[in-house]
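The block underneath contains the structure these notes are about, expressed in structure tokens.
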Amino acid sequence: MSVIDSLRQQIAACEAQLATLRQQLAEAEHLQLQSRRQAQEEVQPATFDPLTHDMSYGIHDDFRSEVFAALSHGDGSEQPPRSRWPLDKMEYKRYGRQLIMPEVGLQGQLRLKKTSVLIVGVGGLGCPSAAYLVGAGVGTVGLVDGDTVEESNLHRQILHSTARVGMTKVESAMVALNSLNPNVKLVPHAARLTPDTALSIFKDYDIVLDCTDSPASRYLISDTCVLLGKPLVSASALRTDGQLMVLNNPPLPPGDAAGGPCYRCVFPKPPPPESVVSCGDGGILGPVVGTMGVLQALEAIKVITRGVHSSVRGPAEAPSLLIFSAYATQMFRTIRLRTRKPKCAACSAQATVTPEALNSGSLDYVQFCGTINPVDALSPNERISVENYAKLRTGRNPITGTEVSADSHVLVDVREKVQFDLCSLEGSVNIPFSAVSRLRVGDDAVKIPATEEEERWIAELKARGDKPLFVVCRLGNDSQMTVKKLKAMGLDNGGQRWIGDIKGGLRAWREKVDHEFPDY
Amino acid sequence: MADQKDAETIPITVEFSGGLEMLFANERKLSLSLPTKDKEGNHVNVAYLIDYLCEKEMKDPRRDLFVLDGSVRPGILVLINEADWELEGEDKYELQKGDNILFVSTLHGG
């Protein structure tokens, strides 16, 4: 990016921020003015002297009692006017539409007001859930996130804005939430949740929303909620699907079978790390994750208005899992879940998850869930750097220095077709990794033969059997696995033909060779 | 002949959610007819179904994304007629005509 462009962007960002600040100032001034007017209105009746009333026609009973009450109070005008109503005038107005619902009512609103909610993760789930909870007038909302706002977040993380790219997500969300409802106390925790901080952060809250995006954080949050006796509303989303569970509800102590199941009861073992797909890799539709976040806020409101503190709460709903599939004929379905697992590591009488274990750091959640190491499946002579491949494309063999024709090699791009259609290198052939993976080699090939389309591209690669074959993908992992597979299929003619991958994939290509290549 | 064949099979529906459909050629729903008895002559159960799916229906060789150590891998919920299979006897649940078995992979995105 040129200096001019960069400066222009910075100016635009500052201007947008300035606009937001001006708007907030205007709102704050407006509020101040309103509260002053209110105060004046409340003071006025005291300046009206009931004794100036002409009593010759007698006085109304109500008025008489008011007069006596006022007189017996002595000089009441110096005391702050005691509110006659449990909520502020402004609150009746702001929350009126939910106050008149029997599900909320005055009691529910007062419960919302005295409840503090912790939202862990201020992304696709955390943004909508925070917006609705702050809008509904929850007393305190805590926000935990260690990330900063990125442009690729904005299609779904509705509290952030273009002007706030680069700001911490917690700060950005606070700007938006504060302008939505300045009456809610917001508490920032602008760091990633870790086992040694979890207990001290969670203890001040009444209910927790898991809006994070990794198995490790999900186990940590669930364990902490069990140890501190907090109900947990957990949701997740990927591509077109979402899932929602209310866990540890009722939040009874570990060992009490009447308590709600925790995340470990439902998923005692973490999934293999290679089966975990992030939104960055798998994709996500904004409204899908938004739906799940909104549902989290709804479940939280249900738990709170029923009485999160109350010991005489009604019977808790049977534990269930809500599955949302945006493109299925039945978009929502609810599945009955198990109750607490008698041998659960967190919430049973035999629990091994303890506050001491959590604080001492002996519970390593990242290790428990496992990590994927970058794929390193090929030897150095089966790989080429993007720089050298670029030279080869310009018509010169980087090793021998000899001229090569444009048709010198075959380039296979193994990204899925939808990504290939977004952008690709000229002359590349698309064979999606899913198709490569499906293909069976050796004895397995007999069991499930290749489809016609698979036969077609295998034939195509074989037809150009004398040309070296390069494989490229988005990041440089799938390409390595593909090289191994193509060799296993014998496409290297028993070692006669060079097959290798382009190191670092198209990301490296963009960073080191062609800056204009789209970054998605 | 047709009648006899019907008597020997159990029609069931199998569904996939949370990305598992990708292992089954992007089919979210399969209608299967299973034999009533396995090789040992026992009534077919969910363990048999899992084996059957791996052998006959799975289009992806990456079996470990579906099964691990002889059962569904961690992170997959099995639901028998809309209820967690732990409420129904897990893989020993004997399949009945018209059963709906749903395999759900947990999602982690947010």
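Residue numbering restarts at 1 for every chain of the structure tokens, chains are lettered A, B, ... in their displayed order, and ligands are numbered from 1 as they appear.
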
Sort by chain and increasing residue number a table of all residues of chain A within 7 Å of chain B, each with its closest pair of atoms and their distance in Å to one decimal, counting only C-alpha atoms, and write it as a tab-separated table.
residue	atom	partner	partner_atom	distance
A:Gly123	CA	B:Gly110	CA	6.5
A:Gly124	CA	B:Gly110	CA	5.5
A:Leu125	CA	B:Gly110	CA	5.5
A:Cys211	CA	B:Gly110	CA	5.8
A:Thr212	CA	B:Gly110	CA	5.4
A:Asp213	CA	B:Gly109	CA	4.3
A:Ser214	CA	B:His108	CA	5.4
A:Pro215	CA	B:His108	CA	6.3
A:Ser236	CA	B:Gly110	CA	5.2
A:Ala237	CA	B:Gly109	CA	5.0
A:Leu238	CA	B:Gly109	CA	5.4
A:Asp241	CA	B:Gly18	CA	6.2
A:Phe267	CA	B:Gly75	CA	6.3
A:Lys269	CA	B:Pro74	CA	5.5
A:Pro270	CA	B:Pro74	CA	5.9
A:Pro271	CA	B:Gly75	CA	4.5
A:Ser275	CA	B:Leu65	CA	6.2
A:Ser278	CA	B:Gly109	CA	5.4
A:Cys279	CA	B:Gly109	CA	5.5
A:Val289	CA	B:Gly110	CA	6.8
A:Ile335	CA	B:Glu82	CA	4.9
A:Arg336	CA	B:Ala83	CA	4.5
A:Leu337	CA	B:Asp84	CA	5.1
A:Arg338	CA	B:Asp84	CA	6.2
A:Ser437	CA	B:Asp60	CA	6.5
A:Arg438	CA	B:Asp60	CA	4.4
A:Arg440	CA	B:Pro61	CA	6.6

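Taking only region 333-379 of chain A, the residues that DSSP calls strand (DSSP E or B) from the backbone come to Arg333, Thr334, Ile335 and Arg336 of chain A.
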
| task | Name the residues of region 234-443 of chain A that fall into helix (DSSP H, G or I) according to DSSP on the backbone, using the chain letters and numbers of this document, as number ranges by chain. | result | A: 263-266, 273-275, 279-282, 286-307, 355-360, 365-369, 380-382, 386-393, 406-408, 417-422, 433-438

| query | Contacts of region 368-376 of chain A at 7 Å or less, counting only C-alpha atoms, minus same-chain residues fewer than 3 places along, as a VMD selection string? | reply | chain A and resid 215 to 216 270 273 to 274 364 to 365 477

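The gap separating CA of Arg415 (chain A) from CA of Thr240 (chain A) is 19.5 Å, in Å to one decimal.
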
| task | Could you jot down the CA of Gly280 (chain A) to CA of Arg474 (chain A) separation for me, Å, one decimal place? | result |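 Result for CA of Gly280 (chain A) versus CA of Arg474 (chain A): 11.7 Å, one decimal.
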
| Interatomic distance between CA of Arg340 (chain A) and CA of Asn249 (chain A)? |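 Distance between the two atoms: 10.4 Å.
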
| Close residues, Leu363 (chain A) itself excluded, 9 Å, only C-alpha atoms, min 5 positions apart in chain, as a ChimeraX atom specification | /A:195,353,357-358,368

| Test item: residues at most 7 Å from Thr36 (chain B), only C-alpha atoms, excluding those fewer than 5 positions along its chain, as an MDAnalysis selection string | chainID B and resid 8:10 43:44

Go ahead and save the residues from that selection, with N, CA, C and O atoms, as a PDB file, in the first residue's frame.
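Saved the output as result.pdb:
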ATOM      1  N   GLU B   8     -36.928 -59.263   6.196  1.00  0.00           N
ATOM      2  CA  GLU B   8     -35.566 -59.482   6.675  1.00  0.00           C
ATOM      3  C   GLU B   8     -34.769 -58.191   6.843  1.00  0.00           C
ATOM      4  O   GLU B   8     -33.601 -58.226   7.174  1.00  0.00           O
ATOM      5  N   THR B   9     -35.359 -57.060   6.549  1.00  0.00           N
ATOM      6  CA  THR B   9     -34.602 -55.814   6.673  1.00  0.00           C
ATOM      7  C   THR B   9     -35.295 -54.829   7.612  1.00  0.00           C
ATOM      8  O   THR B   9     -36.488 -54.901   7.847  1.00  0.00           O
ATOM      9  N   ILE B  10     -34.459 -53.921   8.135  1.00  0.00           N
ATOM     10  CA  ILE B  10     -34.979 -52.869   9.008  1.00  0.00           C
ATOM     11  C   ILE B  10     -34.742 -51.540   8.308  1.00  0.00           C
ATOM     12  O   ILE B  10     -33.598 -51.135   8.120  1.00  0.00           O
ATOM     13  N   HIS B  43     -29.408 -59.526  16.869  1.00  0.00           N
ATOM     14  CA  HIS B  43     -30.167 -58.389  16.346  1.00  0.00           C
ATOM     15  C   HIS B  43     -29.204 -57.224  16.093  1.00  0.00           C
ATOM     16  O   HIS B  43     -28.355 -56.949  16.931  1.00  0.00           O
ATOM     17  N   VAL B  44     -29.344 -56.581  14.941  1.00  0.00           N
ATOM     18  CA  VAL B  44     -28.385 -55.501  14.632  1.00  0.00           C
ATOM     19  C   VAL B  44     -28.582 -54.307  15.575  1.00  0.00           C
ATOM     20  O   VAL B  44     -29.698 -53.963  15.936  1.00  0.00           O
TER      21      VAL B  44
END
